[in-house]
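Student: My structure file input.txt, compact mmCIF, C-alpha atoms, is below:
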# COMPACT_ATOMS: atom_id res chain seq x y z
CA LYS W 1074 140.22 78.07 119.95
CA LEU W 1075 140.52 74.70 118.23
CA ASN W 1076 142.70 73.37 121.06
CA SER W 1077 140.18 74.55 123.63
CA GLN W 1078 137.42 72.65 121.79
CA ARG W 1079 139.58 69.50 121.69
CA VAL W 1080 140.33 69.79 125.42
CA ALA W 1081 136.63 70.17 126.17
CA ALA W 1082 135.80 67.13 124.02
CA LEU W 1083 138.45 65.04 125.76
CA GLN W 1084 137.13 66.10 129.15
CA GLN W 1085 133.60 65.08 128.13
CA ARG W 1086 134.86 61.71 126.91
CA ASP W 1087 136.78 61.15 130.15
CA ALA W 1088 133.65 61.99 132.14
CA ALA W 1089 131.63 59.54 130.04
CA LEU W 1090 134.26 56.81 130.50
CA THR W 1091 134.25 57.45 134.23
CA LYS W 1092 130.45 56.96 134.33
CA VAL W 1093 130.78 53.73 132.32
CA GLY W 1094 133.41 52.48 134.75
CA GLN W 1095 131.21 53.34 137.68
CA ARG W 1096 128.29 51.46 136.06
CA GLN W 1097 130.49 48.42 135.45
CA GLU W 1098 131.68 48.49 139.06
CA ALA W 1099 128.06 48.73 140.25
CA LEU W 1100 127.09 45.83 137.97
CA VAL W 1101 129.97 43.70 139.25
CA PHE W 1102 128.93 44.49 142.84
CA LEU W 1103 125.29 43.65 142.10
CA ARG W 1104 126.25 40.37 140.43
CA ALA W 1105 128.47 39.48 143.39
CA LYS W 1106 125.62 40.26 145.75
CA GLN W 1107 123.17 38.16 143.68
CA ASN W 1108 125.67 35.28 143.60
CA ALA W 1109 126.04 35.50 147.38
CA VAL W 1110 122.26 35.42 147.83
CA LEU W 1111 121.95 32.52 145.38
CA GLN W 1112 124.71 30.63 147.18
CA GLN W 1113 122.96 31.22 150.49
CA LYS W 1114 119.67 29.93 149.02
CA ASN W 1115 121.44 26.86 147.66
CA THR W 1116 122.98 26.23 151.07
CA THR W 1117 119.57 26.60 152.73
CA LEU W 1118 118.00 24.27 150.14
CA SER W 1119 120.73 21.67 150.65
CA ARG W 1120 120.18 21.79 154.38
CA ALA W 1121 116.39 21.45 153.86
CA GLU W 1122 116.92 18.47 151.52
CA ALA W 1123 119.22 16.86 154.06
CA LYS W 1124 116.61 17.44 156.77
CA VAL W 1125 113.85 15.95 154.62
CA LYS W 1126 116.05 12.95 153.84
CA SER W 1127 116.74 12.51 157.56
CA GLU W 1128 113.06 12.81 158.41
CA LYS W 1129 112.17 10.27 155.70
CA ALA W 1130 114.72 7.87 157.17
CA GLN W 1131 113.27 8.41 160.63
CA LEU W 1132 109.73 7.91 159.27
CA ALA W 1133 110.75 4.68 157.53
CA LYS W 1134 112.32 3.49 160.77
CA ALA W 1135 109.17 4.43 162.70
CA ASN W 1136 106.98 2.62 160.13
CA ALA W 1137 109.12 -0.48 160.42
CA SER W 1138 108.83 -0.31 164.20
CA LEU W 1139 105.06 0.21 163.94
CA SER W 1140 104.74 -2.74 161.56
CA ALA W 1141 106.67 -4.94 163.99
CA SER W 1142 104.48 -3.70 166.86
CA ASN W 1143 101.33 -4.45 164.83
CA GLU W 1144 102.56 -7.97 164.15
CA LYS W 1145 103.20 -8.49 167.85
CA LEU W 1146 99.81 -6.98 168.69
CA GLY W 1147 98.11 -9.22 166.13
CA ALA W 1148 99.81 -12.30 167.58
CA LEU W 1149 98.81 -11.17 171.07
CA GLY W 1150 95.21 -10.68 169.91
CA VAL W 1151 95.11 -14.21 168.52
CA ARG W 1152 96.47 -15.55 171.80
CA VAL W 1153 93.94 -13.56 173.85
CA SER W 1154 91.09 -14.83 171.64
CA ALA W 1155 92.31 -18.39 172.07
CA LEU W 1156 92.50 -17.96 175.84
CA ARG W 1157 89.02 -16.46 175.95
CA GLU W 1158 87.61 -19.33 173.90
CA GLU W 1159 89.40 -21.82 176.15
CA GLU W 1160 87.95 -20.09 179.22
CA ARG W 1161 84.46 -20.00 177.68
CA VAL W 1162 84.53 -23.72 176.95
CA ARG W 1163 85.94 -24.49 180.39
CA THR W 1164 83.48 -22.35 182.34
CA GLY W 1165 80.58 -23.42 180.08
CA GLY W 1166 81.33 -27.06 180.80
CA SER W 1167 81.64 -26.36 184.52
CA LYS W 1168 78.33 -24.47 184.53
CA MET W 1169 76.59 -27.30 182.71
CA ARG W 1170 77.90 -29.88 185.21
CA MET W 1171 76.83 -27.78 188.19
CA LEU W 1172 73.34 -27.20 186.74
CA LYS W 1173 72.86 -30.89 186.01
CA GLN W 1174 73.97 -31.78 189.53
CA TYR W 1175 71.67 -29.17 191.07
CA VAL W 1176 68.64 -30.29 188.99
CA ALA W 1177 69.33 -33.91 189.96
CA GLN W 1178 69.21 -32.85 193.63
CA HIS W 1179 66.27 -30.42 193.18
CA PRO W 1180 64.13 -31.85 190.36
CA ASN W 1181 61.13 -29.63 191.22
CA ASP W 1182 63.01 -26.32 190.90
CA SER W 1183 61.48 -24.83 187.74
CA ASP W 1184 63.99 -21.96 187.57
CA ALA W 1185 66.86 -24.42 187.62
CA ARG W 1186 65.18 -26.36 184.81
CA VAL W 1187 65.00 -23.12 182.76
CA ASP W 1188 68.68 -22.39 183.43
CA LEU W 1189 69.65 -25.89 182.34
CA GLY W 1190 67.46 -25.55 179.25
CA ASP W 1191 69.24 -22.30 178.40
CA ALA W 1192 72.61 -24.03 178.75
CA TYR W 1193 71.54 -26.85 176.44
CA GLN W 1194 70.12 -24.37 173.93
CA SER W 1195 73.36 -22.37 173.96
CA ASN W 1196 75.17 -25.60 173.04
CA GLU W 1197 72.59 -26.16 170.25
CA ASP W 1198 71.35 -29.32 171.98
CA LEU W 1199 67.73 -28.47 171.18
CA SER W 1200 66.18 -31.81 172.15
CA ARG W 1201 67.59 -31.77 175.69
CA ALA W 1202 66.76 -28.06 176.00
CA GLU W 1203 63.17 -28.77 174.98
CA VAL W 1204 62.85 -31.45 177.67
CA GLN W 1205 63.99 -29.04 180.39
CA PHE W 1206 61.64 -26.23 179.30
CA GLN W 1207 58.73 -28.70 179.09
CA LYS W 1208 59.44 -29.84 182.66
CA ALA W 1209 59.73 -26.19 183.73
CA ILE W 1210 56.21 -25.33 182.51
CA THR W 1211 54.89 -28.52 184.09
CA LEU W 1212 56.23 -27.25 187.40
CA ASN W 1213 55.24 -23.63 186.75
CA HIS W 1214 52.61 -23.11 184.05
CA LYS W 1215 53.06 -19.31 184.27
CA ASP W 1216 56.70 -19.25 183.23
CA ALA W 1217 56.50 -16.99 180.15
CA TYR W 1218 60.20 -17.31 179.37
CA ALA W 1219 59.97 -21.11 179.19
CA TYR W 1220 57.06 -20.85 176.71
CA ALA W 1221 59.01 -18.32 174.59
CA SER W 1222 62.02 -20.64 174.59
CA LEU W 1223 59.85 -23.55 173.43
CA CYS W 1224 58.56 -21.30 170.64
CA ASP W 1225 62.13 -20.54 169.61
CA ILE W 1226 63.15 -24.20 169.72
CA SER W 1227 60.09 -25.34 167.74
CA THR W 1228 60.90 -22.80 165.04
CA GLN W 1229 64.52 -23.90 164.84
CA LYS W 1230 63.59 -27.57 164.65
CA ALA W 1231 60.98 -26.83 161.98
CA ALA W 1232 63.71 -25.38 159.77
CA ASP W 1233 65.34 -28.84 159.68
CA ALA W 1234 62.11 -30.64 158.73
CA THR W 1235 62.22 -32.37 155.35
CA SER W 1236 58.65 -31.64 154.21
CA ASN W 1237 56.53 -28.50 154.08
CA SER W 1238 53.79 -30.14 156.12
CA ALA W 1239 56.26 -30.99 158.90
CA LYS W 1240 57.69 -27.46 158.77
CA ARG W 1241 54.21 -25.95 158.99
CA ALA W 1242 53.25 -28.17 161.93
CA GLY W 1243 56.42 -27.28 163.83
CA LEU W 1244 55.99 -23.55 163.18
CA LEU W 1245 52.34 -23.57 164.26
CA THR W 1246 53.39 -25.35 167.45
CA GLY W 1247 55.93 -22.60 167.99
CA LEU W 1248 53.29 -19.91 167.47
CA ASN W 1249 51.10 -21.61 170.07
CA TYR W 1250 53.92 -21.46 172.62
CA CYS W 1251 54.62 -17.79 171.78
CA GLY W 1252 50.94 -17.01 172.20
CA LYS W 1253 51.02 -18.47 175.71
CA ALA W 1254 54.20 -16.55 176.55
CA LEU W 1255 52.70 -13.25 175.40
CA SER W 1256 49.44 -13.89 177.24
CA LEU W 1257 51.53 -14.06 180.42
CA SER W 1258 54.00 -11.30 179.53
CA PRO W 1259 52.74 -9.07 176.66
CA ASP W 1260 55.91 -6.94 176.54
CA MET W 1261 58.44 -9.77 176.32
CA THR W 1262 60.51 -8.86 173.25
CA TYR W 1263 62.05 -12.35 173.11
CA ALA W 1264 58.57 -13.85 172.66
CA LEU W 1265 57.57 -11.19 170.11
CA ARG W 1266 60.74 -11.76 168.12
CA SER W 1267 60.39 -15.56 168.24
CA GLN W 1268 56.77 -15.20 167.16
CA ALA W 1269 57.82 -12.99 164.23
CA ILE W 1270 60.48 -15.51 163.13
CA ALA W 1271 57.88 -18.30 163.12
CA GLN W 1272 55.42 -16.11 161.19
CA PHE W 1273 58.11 -15.12 158.71
CA ALA W 1274 59.06 -18.79 158.17
CA LEU W 1275 55.38 -19.66 157.62
CA SER W 1276 55.09 -16.87 155.03
CA GLU W 1277 57.75 -18.60 152.93
CA LEU W 1278 55.75 -21.83 152.72
CA PRO W 1279 53.14 -22.30 149.97
CA GLY W 1280 50.01 -20.28 150.79
CA GLY W 1281 51.64 -18.64 153.79
CA LYS W 1282 51.98 -15.02 152.64
CA ILE W 1283 49.20 -13.99 155.03
CA TYR W 1284 51.69 -14.42 157.89
CA LEU W 1285 54.08 -11.78 156.54
CA SER W 1286 52.13 -8.77 157.79
CA SER W 1287 51.73 -10.49 161.18
CA ALA W 1288 55.50 -10.92 161.40
CA GLU W 1289 55.95 -7.22 160.64
CA GLN W 1290 53.46 -6.25 163.35
CA SER W 1291 55.19 -8.45 165.93
CA LEU W 1292 58.56 -6.87 165.15
CA GLN W 1293 57.16 -3.34 165.18
CA ARG W 1294 55.76 -3.99 168.65
CA ALA W 1295 59.09 -5.43 169.83
CA LEU W 1296 60.94 -2.36 168.54
CA SER W 1297 58.47 -0.02 170.24
CA ILE W 1298 59.26 -1.76 173.54
CA ASP W 1299 63.04 -2.01 173.10
CA SER W 1300 64.81 -0.39 170.15
CA THR W 1301 68.29 -1.47 171.28
CA GLU W 1302 68.08 -5.12 170.16
CA ALA W 1303 69.96 -5.46 166.88
CA ILE W 1304 68.44 -8.83 166.01
CA THR W 1305 64.93 -7.34 165.96
CA TRP W 1306 66.01 -4.63 163.52
CA ARG W 1307 67.78 -7.18 161.33
CA ILE W 1308 64.81 -9.57 161.16
CA MET W 1309 62.61 -6.59 160.26
CA CYS W 1310 65.07 -5.82 157.47
CA GLU W 1311 64.64 -9.36 156.14
CA VAL W 1312 60.86 -9.08 156.30
CA GLN W 1313 60.94 -5.81 154.35
CA PHE W 1314 63.32 -7.37 151.84
CA ASP W 1315 60.96 -10.30 151.36
CA GLU W 1316 58.13 -7.83 150.74
CA LYS W 1317 60.37 -6.08 148.17
CA ASN W 1318 60.35 -2.89 150.24
CA TYR W 1319 64.06 -2.44 149.65
CA ARG W 1320 64.41 1.13 150.90
CA SER W 1321 62.66 0.16 154.13
CA ALA W 1322 64.93 -2.87 154.35
CA VAL W 1323 67.98 -0.58 154.16
CA LYS W 1324 66.49 1.63 156.90
CA TYR W 1325 65.97 -1.29 159.28
CA CYS W 1326 69.43 -2.70 158.56
CA VAL W 1327 70.88 0.71 159.40
CA GLY W 1328 69.03 0.42 162.71
CA ALA W 1329 70.49 -3.06 163.27
CA ILE W 1330 74.02 -1.82 162.57
CA GLY W 1331 73.47 1.16 164.86
CA ALA W 1332 72.51 -1.22 167.67
CA ASP W 1333 75.39 -3.64 166.98
CA ASN W 1334 77.93 -3.07 164.21
CA LYS W 1335 79.63 -6.44 164.68
CA GLN W 1336 76.90 -8.63 163.15
CA PRO W 1337 77.77 -9.65 159.56
CA SER W 1338 74.18 -10.59 158.66
CA SER W 1339 73.03 -6.97 159.11
CA PHE W 1340 75.57 -5.77 156.53
CA TYR W 1341 74.73 -8.70 154.25
CA TRP W 1342 71.00 -7.97 154.09
CA MET W 1343 71.66 -4.27 153.68
CA GLY W 1344 73.88 -5.16 150.73
CA ARG W 1345 71.16 -7.37 149.26
CA ALA W 1346 68.65 -4.51 149.47
CA GLU W 1347 71.09 -2.02 147.93
CA PHE W 1348 71.81 -4.54 145.16
CA GLU W 1349 68.10 -4.62 144.31
CA LEU W 1350 68.12 -0.79 144.31
CA HIS W 1351 71.00 -0.95 141.76
CA ASP W 1352 73.31 0.92 144.11
CA TRP W 1353 76.22 -1.31 143.15
CA GLN W 1354 79.00 0.51 144.96
CA ALA W 1355 77.01 0.64 148.21
CA ALA W 1356 76.20 -3.07 147.89
CA ILE W 1357 79.87 -3.92 147.28
CA LYS W 1358 80.78 -1.95 150.40
CA GLN W 1359 78.25 -3.86 152.56
CA PHE W 1360 79.30 -7.29 151.25
CA THR W 1361 82.94 -6.38 151.83
CA GLN W 1362 82.14 -5.46 155.45
CA THR W 1363 80.21 -8.74 155.84
CA ILE W 1364 83.30 -10.66 154.75
CA ALA W 1365 85.54 -8.57 157.00
CA LEU W 1366 83.43 -9.65 159.97
CA ASN W 1367 83.06 -13.26 158.83
CA ASP W 1368 85.26 -14.48 155.98
CA ALA W 1369 83.24 -17.72 155.83
CA TYR W 1370 80.03 -15.85 154.89
CA TYR W 1371 80.16 -17.37 151.41
CA ALA W 1372 76.90 -15.90 150.09
CA ALA W 1373 78.49 -12.45 150.48
CA TYR W 1374 81.22 -13.44 148.01
CA TYR W 1375 78.58 -14.50 145.49
CA TRP W 1376 76.58 -11.27 145.74
CA ARG W 1377 79.68 -9.08 145.83
CA GLY W 1378 80.78 -10.78 142.61
CA ARG W 1379 77.36 -10.09 141.08
CA ALA W 1380 77.52 -6.46 142.21
CA LYS W 1381 80.98 -6.02 140.69
CA ILE W 1382 79.79 -7.39 137.36
CA ALA W 1383 76.85 -4.96 137.40
CA ASP W 1384 79.10 -2.07 138.44
CA SER W 1385 81.54 -2.83 135.61
CA GLY W 1386 78.96 -1.64 133.10
CA ALA W 1387 78.13 1.52 135.07
CA SER W 1388 81.57 2.84 135.91
CA GLY W 1389 85.05 3.35 134.57
CA ARG W 1390 86.35 0.45 136.68
CA ALA W 1391 85.24 -2.33 134.34
CA ALA W 1392 88.49 -4.31 134.28
CA ASP W 1393 89.09 -4.12 138.04
CA ASP W 1394 85.45 -4.95 138.81
CA LEU W 1395 85.39 -7.93 136.48
CA ARG W 1396 88.63 -9.35 137.84
CA GLY W 1397 87.31 -8.81 141.37
CA ALA W 1398 84.07 -10.59 140.45
CA GLU W 1399 86.02 -13.55 139.05
CA GLN W 1400 88.06 -13.75 142.27
CA ASP W 1401 84.97 -13.64 144.49
CA LEU W 1402 83.11 -16.27 142.50
CA THR W 1403 86.19 -18.47 142.28
CA LEU W 1404 86.57 -18.35 146.05
CA LEU W 1405 82.91 -19.28 146.40
CA LEU W 1406 83.23 -22.20 144.00
CA ASP W 1407 86.31 -23.45 145.80
CA GLN W 1408 84.13 -24.10 148.84
CA ASP W 1409 81.82 -27.05 149.28
CA ALA W 1410 78.24 -25.98 148.56
CA ALA W 1411 77.10 -27.81 151.68
CA GLN W 1412 79.16 -25.41 153.81
CA TYR W 1413 76.87 -22.52 153.11
CA GLY W 1414 73.72 -24.33 151.98
CA ALA W 1415 73.21 -22.36 148.75
CA ASP W 1416 73.07 -24.87 145.92
CA ASP W 1417 71.34 -22.43 143.57
CA ASP W 1418 73.96 -19.80 144.29
CA HIS W 1419 76.64 -22.45 143.71
CA TYR W 1420 75.37 -23.25 140.24
CA ASP W 1421 74.67 -19.60 139.47
CA ALA W 1422 78.24 -18.79 140.47
CA HIS W 1423 79.49 -20.78 137.47
CA TYR W 1424 77.19 -18.81 135.20
CA TRP W 1425 78.13 -15.40 136.58
CA ARG W 1426 81.83 -16.19 136.61
CA GLY W 1427 81.43 -17.16 132.98
CA VAL W 1428 79.73 -13.83 132.31
CA ALA W 1429 82.58 -11.98 134.03
CA GLU W 1430 85.14 -13.93 132.00
CA VAL W 1431 83.37 -13.20 128.71
CA LEU W 1432 83.15 -9.48 129.50
CA ASP W 1433 86.82 -9.50 130.53
CA GLY W 1434 87.83 -11.21 127.31
CA ASP W 1435 88.62 -14.63 128.85
CA PRO W 1436 87.32 -18.02 127.70
CA ALA W 1437 84.35 -19.15 129.76
CA VAL W 1438 83.51 -22.52 128.24
CA ASP W 1439 84.09 -24.50 131.44
CA ASP W 1440 81.94 -22.25 133.61
CA LEU W 1441 79.08 -21.95 131.13
CA SER W 1442 79.15 -25.71 130.53
CA ALA W 1443 78.93 -26.26 134.29
Mind turning this structure into C-alpha cells?
Tutor:
Amino acid sequence: KLNSQRVAALQQRDAALTKVGQRQEALVFLRAKQNAVLQQKNTTLSRAEAKVKSEKAQLAKANASLSASNEKLGALGVRVSALREEERVRTGGSKMRMLKQYVAQHPNDSDARVDLGDAYQSNEDLSRAEVQFQKAITLNHKDAYAYASLCDISTQKAADATSNSAKRAGLLTGLNYCGKALSLSPDMTYALRSQAIAQFALSELPGGKIYLSSAEQSLQRALSIDSTEAITWRIMCEVQFDEKNYRSAVKYCVGAIGADNKQPSSFYWMGRAEFELHDWQAAIKQFTQTIALNDAYYAAYYWRGRAKIADSGASGRAADDLRGAEQDLTLLLDQDAAQYGADDDHYDAHYWRGVAEVLDGDPAVDDLSA
C-alpha cells in the first residue's frame, strides 16, 4: 500500500513537471515570436527613418534650387523694371517732341494744347503746363478738363508758396478754376477731387477750418459718381483724420486699399489713424506695409518706431519692440531731414529714440541732448 502511494505521488509530480515544461516551452515560443515582431518593427522603423532622411535631403535640394530660382527671378525682375523705365523715358520723350511739333504746326488746336499740358504736368513742369492749359481755354472756353487741370496746378503751386497769404491766394485761384470746370461738367471726379484738395489745404491755414466740411462734401460727391478711384478714398481718409474722426479715417483708407493696394500713402494714413486709436499692432502692420511698398517713406519709420514704443508697454514683446523702435528711429535719423520734409519729426525722433533707449536700459544722453 505504501509503495502504491509513492508511485501515485511520483506520477503526480511527473505530470506537474510535464506541465511546467510545457509552460516554459510556450513562454520561449511567445518570447521568440515577440522578438520577431519587435525586430520587424525595428526594421520598418529603420526603413522609415531612412526614407525621412532621404526626403529631407530631397527637400533641402529642392529648397536650394528654389532659392537659386528666386535669385534669378529677382534679377530678372530688376532687369524688366529697368527696361520698362527706359522705355517709359524714351517713349515719353518721343511723345513730348511730337506734341510740341504738332502744336507748333497747329497752334489753334485746343485739344493738342491740353495734351501737351498733360505731358508737361506729368513731367512736373507746372509752369509750362499752365501756359498750355491757359491757351487751351482761350481757344475753347468750354474745356472743363483744362479748367480742372489749372485748378490742380494752382493748388500744387500754392503748396510751394512761402507765405500763408500767397498760399491762400493760389488756393482760391484754384477753387475758381474748379468752379468753372464743374459748371461745365458737374460729374467730373477729377474736378471734384482737385476742388477738395484745395479746400482741404485752405482748411489748414489760419481761419480756414470752414473749408473742411466743403472738402468732405466734394469727396463724397466724387465717390458717389465713381467709387473705384483710390486717390479719392485716400484724400477722404486724410480729411477724416484731420477732423479726428479716426474710425472713419480707417474706413476710407480701407476703401482706398480696396481700390488700389499698391499705394503706400493709403497704408500710411490708415496706420496714423490706428495709432490714434491706440491699436498699436495694427498701426505697426500698416507702417510696415507702407515701407514694403516704398522704403523711402521715412515718416512711416518714425511712426512705426513710436507705435513699437507704445506697444512695448502693452504687450509681452517689450524688448523686441524697443529694439525695433530704436532701429526705425535710427534709420530715420540717418536720412537728411530735407529728404522727407519733416523737421519736427526729425527732432522728435531723437526724443523718442532716447525714450526707447531709456526703457531698454541703454544710455540716451546724446539723443535727449539733441
Student: From (76.3, -7.8, 157.6), in the file's coordinates, out to 9 Å: which residues are reached, counting only C-alpha atoms? Answer as a PyMOL selection string.
Tutor: chain W and resi 1326+1330+1334-1344+1359-1364+1366-1367+1373
Student: Taking only C-alpha atoms into account, which of W:Ile1298, W:Ala1234, W:Ala1332, W:Ala1271 comes nearest Val1312 (chain W)?
Tutor: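 Smallest separation from Val1312 (chain W) among the options: W:Ala1271.
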Student: Calculate how many Å separate CA of Lys1358 (chain W) from CA of Tyr1371 (chain W), rounding to one decimal.
Tutor: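 A separation of 15.5 Å between them.
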Student: What does the distance from CA of Phe1206 (chain W) to CA of Ala1329 (chain W) come to in Å, to one decimal?
Tutor: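 Here the two named atoms are 29.5 Å from each other.
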Student: What does the distance from CA of Glu1347 (chain W) to CA of Val1323 (chain W) come to in Å, to one decimal?
Tutor: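 Distance between the two atoms: 7.1 Å.
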Student: May I ask which of the residues W:Leu1265, W:Cys1310, W:Cys1251, W:Ala1121 is the closest one to Ser1297 (chain W), counting all atoms listed in the file?
Tutor: W:Leu1265
Student: Looking at all atoms listed in the file, which of W:His1179, W:Lys1215, W:Lys1168, W:Lys1230 is the one that sits closest to Ala1202 (chain W)?
Tutor: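 The answer is W:Lys1230, which sits nearest to Ala1202 (chain W).
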Student: Using only C-alpha atoms, pick whichever of W:Ala1269, W:Ile1304, W:Leu1275, W:Ile1283 has the shortest atom-to-atom distance to Ala1239 (chain W).
Tutor: W:Leu1275
Student: I'd like the contact shell of His1351 (chain W) - 9 Å cut-off, all atoms listed in the file, skipping same-chain residues fewer than 4 positions apart - returned as a PDB file with C-alpha atoms, in the frame of the given file.
Tutor:
ATOM      1  CA  ALA W1346      68.650  -4.510 149.470  1.00  0.00           C
ATOM      2  CA  GLU W1347      71.090  -2.020 147.930  1.00  0.00           C
ATOM      3  CA  ALA W1355      77.010   0.640 148.210  1.00  0.00           C
ATOM      4  CA  ALA W1356      76.200  -3.070 147.890  1.00  0.00           C
ATOM      5  CA  ALA W1380      77.520  -6.460 142.210  1.00  0.00           C
ATOM      6  CA  ALA W1383      76.850  -4.960 137.400  1.00  0.00           C
ATOM      7  CA  ASP W1384      79.100  -2.070 138.440  1.00  0.00           C
TER       8      ASP W1384
END
Student: W:Ala1130, W:Leu1255, W:Ala1192, W:Leu1244: which is nearest Ser1167 (chain W), counting all atoms listed in the file?
Tutor: W:Ala1192
Student: Using all atoms listed in the file, pick whichever of W:Ser1195, W:Asn1181, W:Thr1228, W:Ser1222 has the shortest atom-to-atom distance to Ile1270 (chain W).
Tutor: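 Distance minimum relative to Ile1270 (chain W) lands on W:Thr1228.
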